[in-house]
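Source file: protein-v1.txt; contents: compact mmCIF, C-alpha atoms.
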# COMPACT_ATOMS: atom_id res chain seq x y z
CA MET A 12 12.31 -35.44 -32.97
CA ALA A 13 13.51 -35.44 -29.36
CA ILE A 14 11.23 -33.90 -26.75
CA SER A 15 12.94 -31.42 -24.41
CA THR A 16 13.07 -32.36 -20.74
CA ASN A 17 14.14 -28.84 -19.74
CA PRO A 18 11.52 -27.47 -17.28
CA ILE A 19 11.88 -23.95 -18.69
CA ASP A 20 11.13 -25.24 -22.18
CA HIS A 21 7.99 -26.89 -20.81
CA LEU A 22 7.00 -23.60 -19.17
CA ARG A 23 7.46 -21.65 -22.41
CA ALA A 24 5.33 -24.21 -24.21
CA THR A 25 2.40 -23.80 -21.81
CA ILE A 26 1.94 -20.01 -21.69
CA ARG A 27 1.53 -17.23 -24.23
CA GLY A 28 3.39 -14.57 -22.26
CA GLY A 29 7.07 -13.96 -21.77
CA VAL A 30 9.52 -16.10 -19.79
CA LEU A 31 12.71 -14.49 -18.48
CA VAL A 32 15.64 -16.34 -16.95
CA PRO A 33 18.90 -14.94 -15.56
CA GLY A 34 20.94 -13.40 -18.36
CA ALA A 35 17.91 -12.73 -20.55
CA PRO A 36 17.17 -9.20 -21.75
CA ALA A 37 14.88 -7.39 -19.29
CA TYR A 38 15.46 -9.94 -16.49
CA ASP A 39 17.46 -7.50 -14.38
CA GLU A 40 15.04 -4.65 -15.09
CA ARG A 41 11.98 -6.61 -13.99
CA ARG A 42 13.56 -8.03 -10.82
CA ARG A 43 14.48 -4.57 -9.49
CA THR A 44 12.15 -2.55 -7.28
CA PHE A 45 12.36 1.06 -6.12
CA ASN A 46 14.35 -0.02 -3.03
CA ALA A 47 18.02 -0.09 -4.01
CA MET A 48 18.85 -2.10 -0.87
CA LEU A 49 17.33 -5.22 -2.42
CA ASP A 50 19.05 -7.55 -4.90
CA ARG A 51 16.94 -10.66 -5.35
CA ARG A 52 17.10 -13.15 -8.19
CA PRO A 53 14.08 -15.26 -9.11
CA ARG A 54 14.78 -18.54 -10.84
CA VAL A 55 12.36 -17.51 -13.57
CA ILE A 56 10.11 -14.54 -14.30
CA VAL A 57 6.83 -15.18 -16.10
CA GLN A 58 4.94 -12.31 -17.74
CA PRO A 59 1.38 -13.63 -18.11
CA LEU A 60 -1.05 -12.19 -20.63
CA ASP A 61 -4.21 -13.51 -18.99
CA THR A 62 -5.60 -15.68 -16.23
CA GLY A 63 -4.88 -18.81 -18.24
CA ASP A 64 -1.19 -17.97 -18.26
CA VAL A 65 -1.27 -17.41 -14.50
CA VAL A 66 -2.88 -20.82 -13.96
CA ALA A 67 -0.27 -22.53 -16.13
CA ALA A 68 2.59 -20.75 -14.39
CA VAL A 69 1.30 -21.59 -10.90
CA ARG A 70 0.85 -25.25 -11.79
CA TRP A 71 4.36 -25.33 -13.25
CA ALA A 72 5.77 -23.81 -10.05
CA VAL A 73 4.01 -26.45 -7.97
CA SER A 74 5.29 -29.28 -10.17
CA ASN A 75 8.83 -27.91 -9.77
CA ASP A 76 8.38 -27.23 -6.04
CA LEU A 77 9.00 -23.49 -6.29
CA PRO A 78 7.53 -20.72 -4.15
CA ILE A 79 5.76 -17.90 -5.99
CA SER A 80 6.05 -14.13 -5.75
CA VAL A 81 3.76 -11.68 -7.53
CA ARG A 82 4.73 -8.30 -8.92
CA GLY A 83 2.07 -5.69 -9.62
CA GLY A 84 3.69 -2.29 -9.23
CA GLY A 85 6.74 -3.50 -7.31
CA HIS A 86 6.06 -0.71 -4.82
CA ASN A 87 6.48 -2.64 -1.57
CA VAL A 88 9.46 -1.39 0.44
CA ALA A 89 10.29 -4.93 1.60
CA GLY A 90 10.37 -6.15 -2.01
CA HIS A 91 7.67 -8.78 -1.59
CA ALA A 92 7.20 -8.78 -5.37
CA VAL A 93 10.55 -10.47 -5.98
CA GLY A 94 11.37 -13.84 -4.44
CA ASP A 95 14.84 -15.35 -4.43
CA ASP A 96 14.99 -18.67 -6.31
CA ALA A 97 11.25 -18.47 -6.95
CA LEU A 98 8.85 -18.20 -9.83
CA MET A 99 8.00 -14.51 -10.05
CA LEU A 100 4.79 -13.51 -11.80
CA ASP A 101 5.28 -10.10 -13.40
CA MET A 102 1.71 -8.92 -13.96
CA GLY A 103 2.66 -5.82 -15.96
CA ALA A 104 0.88 -6.95 -19.14
CA MET A 105 -2.47 -7.28 -17.31
CA ARG A 106 -3.42 -3.65 -16.66
CA SER A 107 -6.92 -3.29 -18.06
CA VAL A 108 -9.68 -1.49 -16.11
CA SER A 109 -13.39 -1.38 -16.92
CA VAL A 110 -16.00 0.78 -15.21
CA ASP A 111 -19.73 0.34 -14.75
CA PRO A 112 -20.79 3.90 -13.88
CA VAL A 113 -24.39 2.89 -13.15
CA ARG A 114 -23.50 0.25 -10.56
CA ARG A 115 -20.44 2.29 -9.52
CA ILE A 116 -18.13 -0.71 -9.85
CA ALA A 117 -14.66 -0.87 -11.41
CA GLU A 118 -12.89 -4.08 -12.40
CA ALA A 119 -9.10 -3.94 -12.54
CA SER A 120 -6.80 -6.68 -13.80
CA GLY A 121 -4.13 -7.98 -11.46
CA GLY A 122 -1.33 -5.85 -12.89
CA ALA A 123 -3.21 -2.54 -12.98
CA LEU A 124 -1.57 0.46 -11.37
CA LEU A 125 -3.36 3.25 -9.54
CA GLU A 126 -2.95 5.45 -12.61
CA ASP A 127 -4.94 2.90 -14.64
CA LEU A 128 -7.71 2.66 -12.07
CA ASP A 129 -7.91 6.39 -11.33
CA ARG A 130 -7.96 7.53 -14.95
CA ALA A 131 -10.67 5.04 -15.85
CA THR A 132 -12.91 5.91 -12.91
CA ILE A 133 -12.48 9.68 -12.75
CA ALA A 134 -13.61 9.88 -16.37
CA HIS A 135 -17.05 9.09 -14.91
CA GLY A 136 -16.67 11.42 -11.92
CA LEU A 137 -16.01 8.40 -9.67
CA ALA A 138 -13.06 7.03 -7.70
CA ALA A 139 -12.11 4.15 -5.43
CA PRO A 140 -10.29 4.64 -2.14
CA SER A 141 -6.71 3.70 -2.94
CA GLY A 142 -3.26 5.16 -2.29
CA THR A 143 -1.20 8.23 -3.13
CA TYR A 144 1.37 7.09 -5.74
CA LEU A 145 0.12 6.50 -9.28
CA ASP A 146 2.67 3.75 -9.98
CA THR A 147 1.52 1.64 -7.03
CA GLY A 148 -0.02 -1.72 -7.94
CA VAL A 149 -3.75 -1.79 -7.24
CA ALA A 150 -3.70 -5.41 -6.06
CA GLY A 151 -0.86 -5.23 -3.55
CA LEU A 152 -2.08 -1.95 -2.11
CA THR A 153 -5.70 -3.07 -1.78
CA LEU A 154 -5.03 -6.52 -0.38
CA THR A 155 -2.94 -5.12 2.49
CA GLY A 156 -5.01 -2.04 3.36
CA GLY A 157 -4.62 1.07 1.25
CA ILE A 158 -4.49 4.60 2.71
CA GLY A 159 -5.41 7.50 0.44
CA TYR A 160 -7.21 10.82 0.11
CA LEU A 161 -10.68 9.21 0.25
CA LEU A 162 -10.10 7.53 3.62
CA GLY A 163 -12.63 9.67 5.47
CA SER A 164 -15.34 9.22 2.86
CA ALA A 165 -14.87 5.58 1.86
CA GLY A 166 -12.42 3.93 4.24
CA PHE A 167 -9.35 1.93 3.33
CA ALA A 168 -8.83 0.59 -0.18
CA CYS A 169 -9.57 -2.93 1.02
CA ASP A 170 -12.97 -1.79 2.29
CA ALA A 171 -14.07 -1.10 -1.30
CA LEU A 172 -13.15 -4.59 -2.54
CA VAL A 173 -16.45 -6.29 -3.44
CA GLY A 174 -15.14 -9.18 -5.50
CA ALA A 175 -12.05 -10.83 -6.95
CA GLU A 176 -10.84 -13.54 -9.29
CA LEU A 177 -8.20 -15.62 -7.50
CA VAL A 178 -5.82 -18.30 -8.74
CA THR A 179 -5.01 -20.55 -5.79
CA ALA A 180 -1.82 -22.48 -5.09
CA ALA A 181 -3.48 -25.52 -6.69
CA GLY A 182 -4.04 -23.59 -9.91
CA ASP A 183 -7.80 -23.37 -9.39
CA VAL A 184 -9.64 -20.21 -10.43
CA LEU A 185 -12.09 -18.92 -7.82
CA GLN A 186 -14.67 -16.17 -8.26
CA VAL A 187 -14.81 -14.59 -4.82
CA ASP A 188 -17.57 -12.35 -3.49
CA GLU A 189 -19.96 -12.11 -0.57
CA ARG A 190 -22.19 -14.80 -2.05
CA THR A 191 -19.61 -17.37 -3.22
CA ASP A 192 -16.99 -17.20 -0.46
CA PRO A 193 -17.49 -14.46 2.14
CA ASP A 194 -14.71 -15.77 4.37
CA LEU A 195 -12.11 -15.59 1.62
CA LEU A 196 -13.30 -12.14 0.56
CA TRP A 197 -12.94 -11.03 4.18
CA ALA A 198 -9.37 -12.37 4.18
CA LEU A 199 -8.51 -10.59 0.93
CA ARG A 200 -9.61 -7.31 2.54
CA GLY A 201 -6.36 -6.72 4.37
CA GLY A 202 -4.74 -10.16 4.59
CA GLY A 203 -2.27 -9.39 1.82
CA GLY A 204 -1.03 -11.62 -0.97
CA ASN A 205 -1.16 -14.76 1.16
CA PHE A 206 -4.01 -16.53 -0.58
CA GLY A 207 -3.07 -16.73 -4.23
CA VAL A 208 -2.76 -14.57 -7.34
CA VAL A 209 -5.54 -12.02 -7.67
CA THR A 210 -6.11 -11.63 -11.40
CA LYS A 211 -9.15 -9.33 -11.15
CA LEU A 212 -10.35 -6.96 -8.43
CA ARG A 213 -13.78 -5.37 -8.29
CA HIS A 214 -14.04 -2.09 -6.38
CA SER A 215 -17.03 -0.05 -5.30
CA LEU A 216 -16.73 3.63 -6.26
CA ILE A 217 -17.87 6.95 -4.83
CA PRO A 218 -18.57 10.27 -6.59
CA VAL A 219 -15.63 12.68 -6.68
CA ARG A 220 -16.44 15.98 -8.38
CA ASP A 221 -14.81 19.41 -8.09
CA PRO A 222 -12.45 18.56 -5.21
CA TYR A 223 -10.52 21.22 -3.31
CA GLY A 224 -7.11 20.58 -1.82
CA GLY A 225 -3.39 20.54 -2.44
CA ARG A 226 -0.36 21.06 -0.23
CA ILE A 227 0.79 23.63 2.32
CA ARG A 228 4.29 23.61 3.85
CA PHE A 229 5.47 24.89 7.22
CA GLU A 230 8.87 25.55 8.76
CA GLY A 231 10.38 26.48 12.10
CA GLU A 232 8.15 26.86 15.14
CA SER A 233 5.02 26.59 12.99
CA VAL A 234 5.67 22.86 12.43
CA GLY A 235 4.56 21.93 15.94
CA GLU A 236 1.42 24.06 15.69
CA ALA A 237 0.57 22.62 12.26
CA LEU A 238 1.01 19.07 13.58
CA ARG A 239 -1.33 19.75 16.50
CA LEU A 240 -3.86 21.26 14.11
CA LEU A 241 -3.59 18.30 11.73
CA PHE A 242 -4.85 15.96 14.44
CA GLU A 243 -7.48 18.44 15.59
CA LEU A 244 -8.90 18.81 12.07
CA GLN A 245 -9.14 15.01 11.73
CA GLY A 246 -10.65 14.43 15.17
CA GLY A 247 -14.04 13.04 16.07
CA ALA A 248 -15.99 15.99 14.69
CA ALA A 249 -14.17 16.01 11.33
CA SER A 250 -16.21 15.82 8.15
CA ASP A 251 -15.84 12.61 6.17
CA ALA A 252 -15.25 14.74 3.10
CA LEU A 253 -11.87 15.98 4.37
CA THR A 254 -8.82 13.72 4.48
CA LEU A 255 -5.41 15.02 5.50
CA GLN A 256 -1.95 13.58 5.89
CA ALA A 257 1.50 15.04 6.48
CA PHE A 258 5.19 14.40 5.90
CA LEU A 259 7.77 15.89 8.26
CA GLY A 260 11.43 16.07 7.33
CA LEU A 261 14.67 17.93 7.93
CA ASP A 262 15.57 20.52 5.31
CA PRO A 263 19.32 21.39 5.15
CA GLU A 264 18.54 25.12 5.09
CA ARG A 265 15.15 25.47 6.80
CA GLY A 266 15.52 22.85 9.51
CA PRO A 267 12.36 20.86 10.43
CA VAL A 268 9.64 21.24 7.80
CA MET A 269 6.18 19.79 7.39
CA SER A 270 4.01 19.30 4.32
CA VAL A 271 0.29 18.91 4.91
CA LEU A 272 -1.56 17.35 1.99
CA GLY A 273 -5.31 17.16 1.87
CA LEU A 274 -8.40 16.75 -0.21
CA TRP A 275 -11.94 18.01 0.36
CA ILE A 276 -14.65 16.32 -1.75
CA GLY A 277 -17.67 18.03 -0.12
CA GLU A 278 -19.46 21.17 -1.27
CA PRO A 279 -16.83 22.97 -3.39
CA ASP A 280 -17.65 26.41 -1.99
CA LEU A 281 -16.73 25.19 1.50
CA GLY A 282 -13.20 24.19 0.52
CA PRO A 283 -11.50 27.50 1.45
CA ARG A 284 -13.28 27.52 4.81
CA VAL A 285 -12.20 23.94 5.62
CA PHE A 286 -8.52 24.73 5.04
CA ALA A 287 -8.64 28.21 6.61
CA PRO A 288 -7.26 27.05 10.01
CA LEU A 289 -4.13 25.70 8.34
CA ARG A 290 -3.67 28.90 6.38
CA ALA A 291 -3.96 30.87 9.60
CA VAL A 292 -0.83 29.22 11.03
CA ARG A 293 2.15 31.54 10.69
CA GLY A 294 5.22 30.07 9.05
CA ALA A 295 3.80 28.60 5.86
CA TYR A 296 6.24 29.04 2.99
CA PHE A 297 4.35 27.21 0.23
CA ASP A 298 0.63 26.98 -0.49
CA SER A 299 -0.97 25.26 -3.49
CA LEU A 300 -4.44 24.90 -1.95
CA GLY A 301 -7.33 25.53 -4.26
CA PRO A 302 -9.60 23.67 -6.70
CA TYR A 303 -7.53 20.54 -7.27
CA PRO A 304 -8.45 17.81 -9.81
CA TYR A 305 -8.31 14.35 -8.27
CA LEU A 306 -5.72 13.08 -10.77
CA ASP A 307 -3.47 16.04 -9.93
CA MET A 308 -3.72 15.14 -6.27
CA GLN A 309 -2.70 11.58 -7.11
CA VAL A 310 0.56 12.79 -8.69
CA ILE A 311 1.47 15.28 -5.97
CA PHE A 312 4.09 12.78 -4.75
CA GLU A 313 6.87 12.13 -7.24
CA ARG A 314 7.43 8.59 -8.48
CA MET A 315 10.00 6.74 -6.41
CA GLY A 316 13.31 6.48 -8.25
CA PRO A 317 15.36 3.26 -8.26
CA GLY A 318 18.51 4.83 -6.79
CA TYR A 319 17.25 5.32 -3.23
CA ARG A 320 17.70 2.97 -0.31
CA ASN A 321 14.64 2.53 1.90
CA TYR A 322 13.82 1.23 5.36
CA TRP A 323 10.34 2.03 6.73
CA LYS A 324 8.81 1.13 10.07
CA GLY A 325 6.00 2.51 12.23
CA HIS A 326 2.93 2.04 14.37
CA PHE A 327 -0.79 2.54 14.20
CA VAL A 328 -1.27 4.73 17.27
CA ARG A 329 -4.25 5.01 19.63
CA ASP A 330 -3.13 8.41 20.98
CA VAL A 331 -2.31 11.58 19.03
CA GLY A 332 -1.82 13.89 22.01
CA PRO A 333 1.21 15.97 23.02
CA ALA A 334 3.39 12.97 23.93
CA VAL A 335 3.00 11.39 20.48
CA GLN A 336 3.49 14.74 18.81
CA LYS A 337 6.76 15.16 20.71
CA VAL A 338 8.01 11.79 19.44
CA ILE A 339 7.15 12.84 15.88
CA LEU A 340 8.93 16.20 16.25
CA ASP A 341 11.97 14.64 17.94
CA GLY A 342 12.21 12.05 15.16
CA THR A 343 11.98 14.79 12.54
CA ALA A 344 14.81 16.76 14.17
CA THR A 345 17.18 13.77 13.95
CA ALA A 346 16.17 12.41 10.51
CA VAL A 347 18.97 11.07 8.28
CA ALA A 348 19.38 12.16 4.64
CA HIS A 349 15.94 12.29 2.92
CA SER A 350 14.15 10.49 5.75
CA GLY A 351 11.10 11.76 7.60
CA LEU A 352 7.86 10.82 9.28
CA LEU A 353 4.64 10.12 7.41
CA VAL A 354 1.55 10.87 9.50
CA GLU A 355 -1.81 9.54 8.23
CA PRO A 356 -4.77 10.34 10.51
CA ILE A 357 -7.65 7.85 10.47
CA HIS A 358 -11.23 9.03 10.85
CA GLY A 359 -14.70 9.05 9.31
CA ALA A 360 -15.86 6.04 7.32
CA ALA A 361 -12.62 4.16 8.07
CA HIS A 362 -13.66 4.12 11.75
CA ARG A 363 -17.35 3.37 11.24
CA ILE A 364 -16.95 0.30 9.02
CA SER A 365 -17.47 -2.89 11.03
CA ASP A 366 -14.46 -4.89 12.18
CA ASP A 367 -16.12 -7.96 10.62
CA HIS A 368 -16.06 -6.36 7.17
CA ALA A 369 -12.34 -6.83 6.58
CA ALA A 370 -9.34 -8.65 7.99
CA PHE A 371 -7.46 -5.34 8.14
CA GLY A 372 -6.74 -5.00 11.82
CA SER A 373 -5.92 -1.40 12.66
CA ARG A 374 -8.95 0.71 11.73
CA ARG A 375 -9.55 1.73 15.35
CA ALA A 376 -6.23 3.61 15.46
CA LEU A 377 -6.25 7.40 15.36
CA ALA A 378 -3.31 7.59 12.95
CA ASN A 379 -0.65 5.63 11.16
CA VAL A 380 2.77 7.10 11.99
CA SER A 381 5.72 5.73 10.02
CA ALA A 382 9.43 6.48 10.07
CA ILE A 383 10.28 6.61 6.36
CA GLY A 384 14.02 6.04 5.99
CA ILE A 385 15.27 7.18 2.57
CA TRP A 386 18.91 7.73 1.60
CA GLU A 387 21.35 7.15 -1.26
CA ASP A 388 24.80 6.30 0.12
CA PRO A 389 25.23 2.68 1.34
CA ALA A 390 27.54 4.11 4.02
CA ASP A 391 24.42 5.66 5.57
CA ASP A 392 22.72 2.27 6.01
CA PRO A 393 23.53 1.88 9.74
CA PRO A 394 22.48 5.40 10.90
CA ALA A 395 19.39 5.53 8.66
CA ILE A 396 18.12 2.12 9.74
CA ALA A 397 18.92 2.91 13.38
CA TRP A 398 16.99 6.18 13.12
CA ALA A 399 13.89 4.41 11.76
CA ARG A 400 14.04 1.72 14.43
CA GLU A 401 14.64 4.14 17.30
CA THR A 402 11.84 6.44 16.20
CA THR A 403 9.49 3.47 15.90
CA SER A 404 10.49 2.23 19.36
CA ALA A 405 9.65 5.65 20.81
CA LEU A 406 6.14 5.31 19.32
CA GLU A 407 5.57 1.85 20.76
CA PRO A 408 3.98 2.96 24.06
CA PHE A 409 1.19 4.59 22.02
CA SER A 410 0.67 1.69 19.60
CA LEU A 411 -2.80 0.25 19.07
CA ARG A 412 -1.60 -3.37 18.98
CA GLY A 413 2.20 -3.28 18.74
CA GLY A 414 2.22 -3.62 14.95
CA GLY A 415 2.50 -1.23 12.02
CA TYR A 416 1.11 -0.83 8.52
CA LEU A 417 2.08 -3.95 6.59
CA ASN A 418 2.22 -2.08 3.29
CA TYR A 419 5.12 -0.10 4.80
CA ALA A 420 6.77 -2.92 6.75
CA PRO A 421 10.56 -3.34 6.40
CA VAL A 422 12.32 -6.36 4.98
CA ASP A 423 13.14 -7.65 8.48
CA GLU A 424 9.65 -7.30 9.95
CA PRO A 425 9.38 -10.07 12.59
CA ALA A 426 6.52 -12.56 12.52
CA LEU A 427 5.25 -11.25 15.88
CA ARG A 428 4.63 -7.76 14.48
CA VAL A 429 2.74 -9.28 11.53
CA GLU A 430 0.46 -11.09 13.97
CA GLN A 431 0.11 -7.97 16.13
CA ALA A 432 -1.02 -5.98 13.10
CA PHE A 433 -4.15 -8.15 13.00
CA GLY A 434 -4.68 -9.24 16.59
CA ALA A 435 -4.69 -12.86 17.78
CA GLU A 436 -8.32 -13.71 16.90
CA THR A 437 -8.18 -12.28 13.38
CA PHE A 438 -4.78 -13.87 12.76
CA ALA A 439 -6.09 -17.30 13.74
CA ARG A 440 -9.02 -16.90 11.35
CA LEU A 441 -6.64 -15.83 8.56
CA ARG A 442 -4.46 -18.87 9.18
CA ALA A 443 -7.50 -21.10 8.72
CA VAL A 444 -8.29 -19.49 5.37
CA LYS A 445 -4.64 -19.80 4.36
CA ARG A 446 -4.69 -23.53 5.15
CA ARG A 447 -7.65 -23.96 2.82
CA VAL A 448 -6.22 -22.19 -0.25
CA ASP A 449 -2.42 -22.41 0.23
CA PRO A 450 -1.64 -25.24 2.67
CA GLU A 451 2.04 -25.43 1.65
CA ASN A 452 2.58 -21.67 2.01
CA ARG A 453 3.55 -21.40 -1.65
CA PHE A 454 2.73 -17.67 -1.45
CA ARG A 455 5.11 -16.64 1.33
CA PHE A 456 6.82 -13.55 -0.06
CA ASN A 457 4.61 -11.15 1.87
CA ALA A 458 3.73 -10.22 5.42
CA ASN A 459 3.34 -13.92 5.83
CA ILE A 460 0.41 -15.70 7.40
CA PRO A 461 1.45 -19.35 7.86
CA PRO A 462 -1.25 -21.97 7.36
CA ALA A 463 -2.86 -23.20 10.55
In structure tokens, what does this structure look like?
Amino acid sequence: MAISTNPIDHLRATIRGGVLVPGAPAYDERRRTFNAMLDRRPRVIVQPLDTGDVVAAVRWAVSNDLPISVRGGGHNVAGHAVGDDALMLDMGAMRSVSVDPVRRIAEASGGALLEDLDRATIAHGLAAPSGTYLDTGVAGLTLTGGIGYLLGSAGFACDALVGAELVTAAGDVLQVDERTDPDLLWALRGGGGNFGVVTKLRHSLIPVRDPYGGRIRFEGESVGEALRLLFELQGGAASDALTLQAFLGLDPERGPVMSVLGLWIGEPDLGPRVFAPLRAVRGAYFDSLGPYPYLDMQVIFERMGPGYRNYWKGHFVRDVGPAVQKVILDGTATAVAHSGLLVEPIHGAAHRISDDHAAFGSRRALANVSAIGIWEDPADDPPAIAWARETTSALEPFSLRGGGYLNYAPVDEPALRVEQAFGAETFARLRAVKRRVDPENRFRFNANIPPA
């Protein structure tokens, strides 16, 4: 019997999971992300069932000189999950989460989504700092930062990462924690998917019981007052237990509008008092504030549909005064289609955690401000992209380092802004770690850190 020399046949023979090639059922479905602007075609998509499958797939990619992309939730606006002419690892079959409520540790497999992590942890009255969309991949979000409703109490998602299982570009399996490899763990806390395939993530958890929060919307002249108050409520004297963020957009009938979303996880009886200043602003036309289960807060944003085109860009800002607020309001007034500005104040634990704890480079900012370009008609590509770029340029004088949030970076993010997001010293240290675990830059579909 003749032995096949077809590389794809060899790949299928070495793993238990699925292998998809162009033309195969589900190939087109799994290569698409929520950003309709992207149309990338991997040479092969592997759907691993376990770490052993990941190891075999990585070693096969190396033997066939292919770069590797990794899809968790496919939620990155730049489409880092899908690499052209690459081996794409679709981690969707690896979504298990286990929780140790005594140690307050959760372990999530590499394909777990926020909904998997949140449902498993909140069953014990616990949660990990994460993000705000339930269909976001835990790994991609955590490795590049992670901004959510527990920011004030527990910091960024990457701050809660206490351990990981990593498959390197050589196909080696590393158990990474503070004892075994503190430098690599530091790099995983914010350095993105540059260092290999994370097949397990261990997160520290905090208690979350009887939260109070929801959403309140403003229109007209009240938008400016609500924006000022947003920054005031998240200033230096803010309680860690309160985390707020806002989205400002242009409603066809109401004009500029602003949604403030927030969660209070302190003493439940204090919830109404904490949000009272926002309720005192005239011009609110929607108010869902009240006792708000954590899982309900995590679904307050709708899942992103596949028909929308997206281009996002922004800055971590060191100033949230009147000049920055004017840029935000001016950008809102000229937004295209469904576009708007996402404003995520940074305070509390996120500020107090040491810079040496994580590679994430922007924790000293006062807010992350991002121009979120969203539209449907390809004819709107030029004005929508121009709007996002112009709004971001207007924010640049107030930028902490000149870079933005890499989880929101656009497809054409230049290498300089990636470096600026970390700062020169941190970036050099990250490049040294990259050289050790991925010297050929096999994992380059990301906010790339080239090996030193």
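Counting from atom CA of Phe438 of chain A, the distance to atom CA of Leu162 of chain A is 23.9 Å.
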Residue nearest Arg329 of chain A - candidates A:Pro356, A:Gly122, A:Gly63, A:Gly316, atoms counted: all atoms listed in the file: A:Pro356
Atom CA of Thr147 of chain A to atom CA of Thr44 of chain A, distance in Å rounded to a single decimal: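 These atoms are spaced 11.4 Å apart.
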Residue among A:Val184, A:Ala370, A:Val380, A:Val292 lying closest to Ala257 of chain A, counting all atoms listed in the file: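 Counting all atoms listed in the file, the residue closest to Ala257 of chain A is A:Val380.
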Contacts of Gly384 of chain A at 8 Å (only C-alpha atoms; same-chain gap of 5+ positions) as a VMD selection string: chain A and resid 320 to 323 347 349 to 351 395 to 396 398 to 399
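Using only C-alpha atoms, the nearest neighbour of Asn418 of chain A within the list A:Asn452, A:Gln336, A:Thr191, A:Asn87 is A:Asn87.
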Shortest interatomic distance to Phe297 of chain A - which of A:Ile158, A:Ile276, A:Val268, A:Ala405, counting all atoms listed in the file: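 Checking each of A:Ile158, A:Ile276, A:Val268, A:Ala405 against Phe297 of chain A, counting all atoms listed in the file, the winner is A:Val268.
With distances restricted to only C-alpha atoms, A:Phe167 is the closest residue to Arg363 of chain A from A:Trp197, A:Phe456, A:Tyr38, A:Phe167.
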Between atom CA of Gly273 of chain A and atom CA of Thr254 of chain A - distance in Å to one decimal: 5.6 Å
Restore N, CA and C atoms in segment 144-155 of chain A and list the result as an mmCIF file, in the coordinates of the input.
data_model
loop_
_atom_site.group_PDB
_atom_site.id
_atom_site.type_symbol
_atom_site.label_atom_id
_atom_site.label_comp_id
_atom_site.auth_asym_id
_atom_site.auth_seq_id
_atom_site.Cartn_x
_atom_site.Cartn_y
_atom_site.Cartn_z
ATOM 1 N N TYR A 144 0.356 7.132 -4.682
ATOM 2 C CA TYR A 144 1.370 7.090 -5.740
ATOM 3 C C TYR A 144 0.762 6.402 -6.948
ATOM 4 N N LEU A 145 0.783 7.051 -8.106
ATOM 5 C CA LEU A 145 0.120 6.500 -9.280
ATOM 6 C C LEU A 145 0.751 5.215 -9.788
ATOM 7 N N ASP A 146 2.046 4.973 -9.473
ATOM 8 C CA ASP A 146 2.670 3.750 -9.980
ATOM 9 C C ASP A 146 2.594 2.595 -8.984
ATOM 10 N N THR A 147 1.775 2.736 -7.951
ATOM 11 C CA THR A 147 1.520 1.640 -7.030
ATOM 12 C C THR A 147 0.609 0.605 -7.685
ATOM 13 N N GLY A 148 0.867 -0.675 -7.442
ATOM 14 C CA GLY A 148 -0.020 -1.720 -7.940
ATOM 15 C C GLY A 148 -1.329 -1.735 -7.172
ATOM 16 N N VAL A 149 -2.436 -1.788 -7.883
ATOM 17 C CA VAL A 149 -3.750 -1.790 -7.240
ATOM 18 C C VAL A 149 -3.908 -3.013 -6.334
ATOM 19 N N ALA A 150 -3.466 -4.182 -6.808
ATOM 20 C CA ALA A 150 -3.700 -5.410 -6.060
ATOM 21 C C ALA A 150 -2.946 -5.414 -4.736
ATOM 22 N N GLY A 151 -1.644 -5.184 -4.782
ATOM 23 C CA GLY A 151 -0.860 -5.230 -3.550
ATOM 24 C C GLY A 151 -1.329 -4.217 -2.531
ATOM 25 N N LEU A 152 -1.615 -3.001 -3.010
ATOM 26 C CA LEU A 152 -2.080 -1.950 -2.110
ATOM 27 C C LEU A 152 -3.400 -2.335 -1.457
ATOM 28 N N THR A 153 -4.361 -2.775 -2.266
ATOM 29 C CA THR A 153 -5.700 -3.070 -1.780
ATOM 30 C C THR A 153 -5.711 -4.258 -0.832
ATOM 31 N N LEU A 154 -4.986 -5.302 -1.174
ATOM 32 C CA LEU A 154 -5.030 -6.520 -0.380
ATOM 33 C C LEU A 154 -4.437 -6.337 1.018
ATOM 34 N N THR A 155 -3.599 -5.312 1.192
ATOM 35 C CA THR A 155 -2.940 -5.120 2.490
ATOM 36 C C THR A 155 -3.421 -3.867 3.199
#
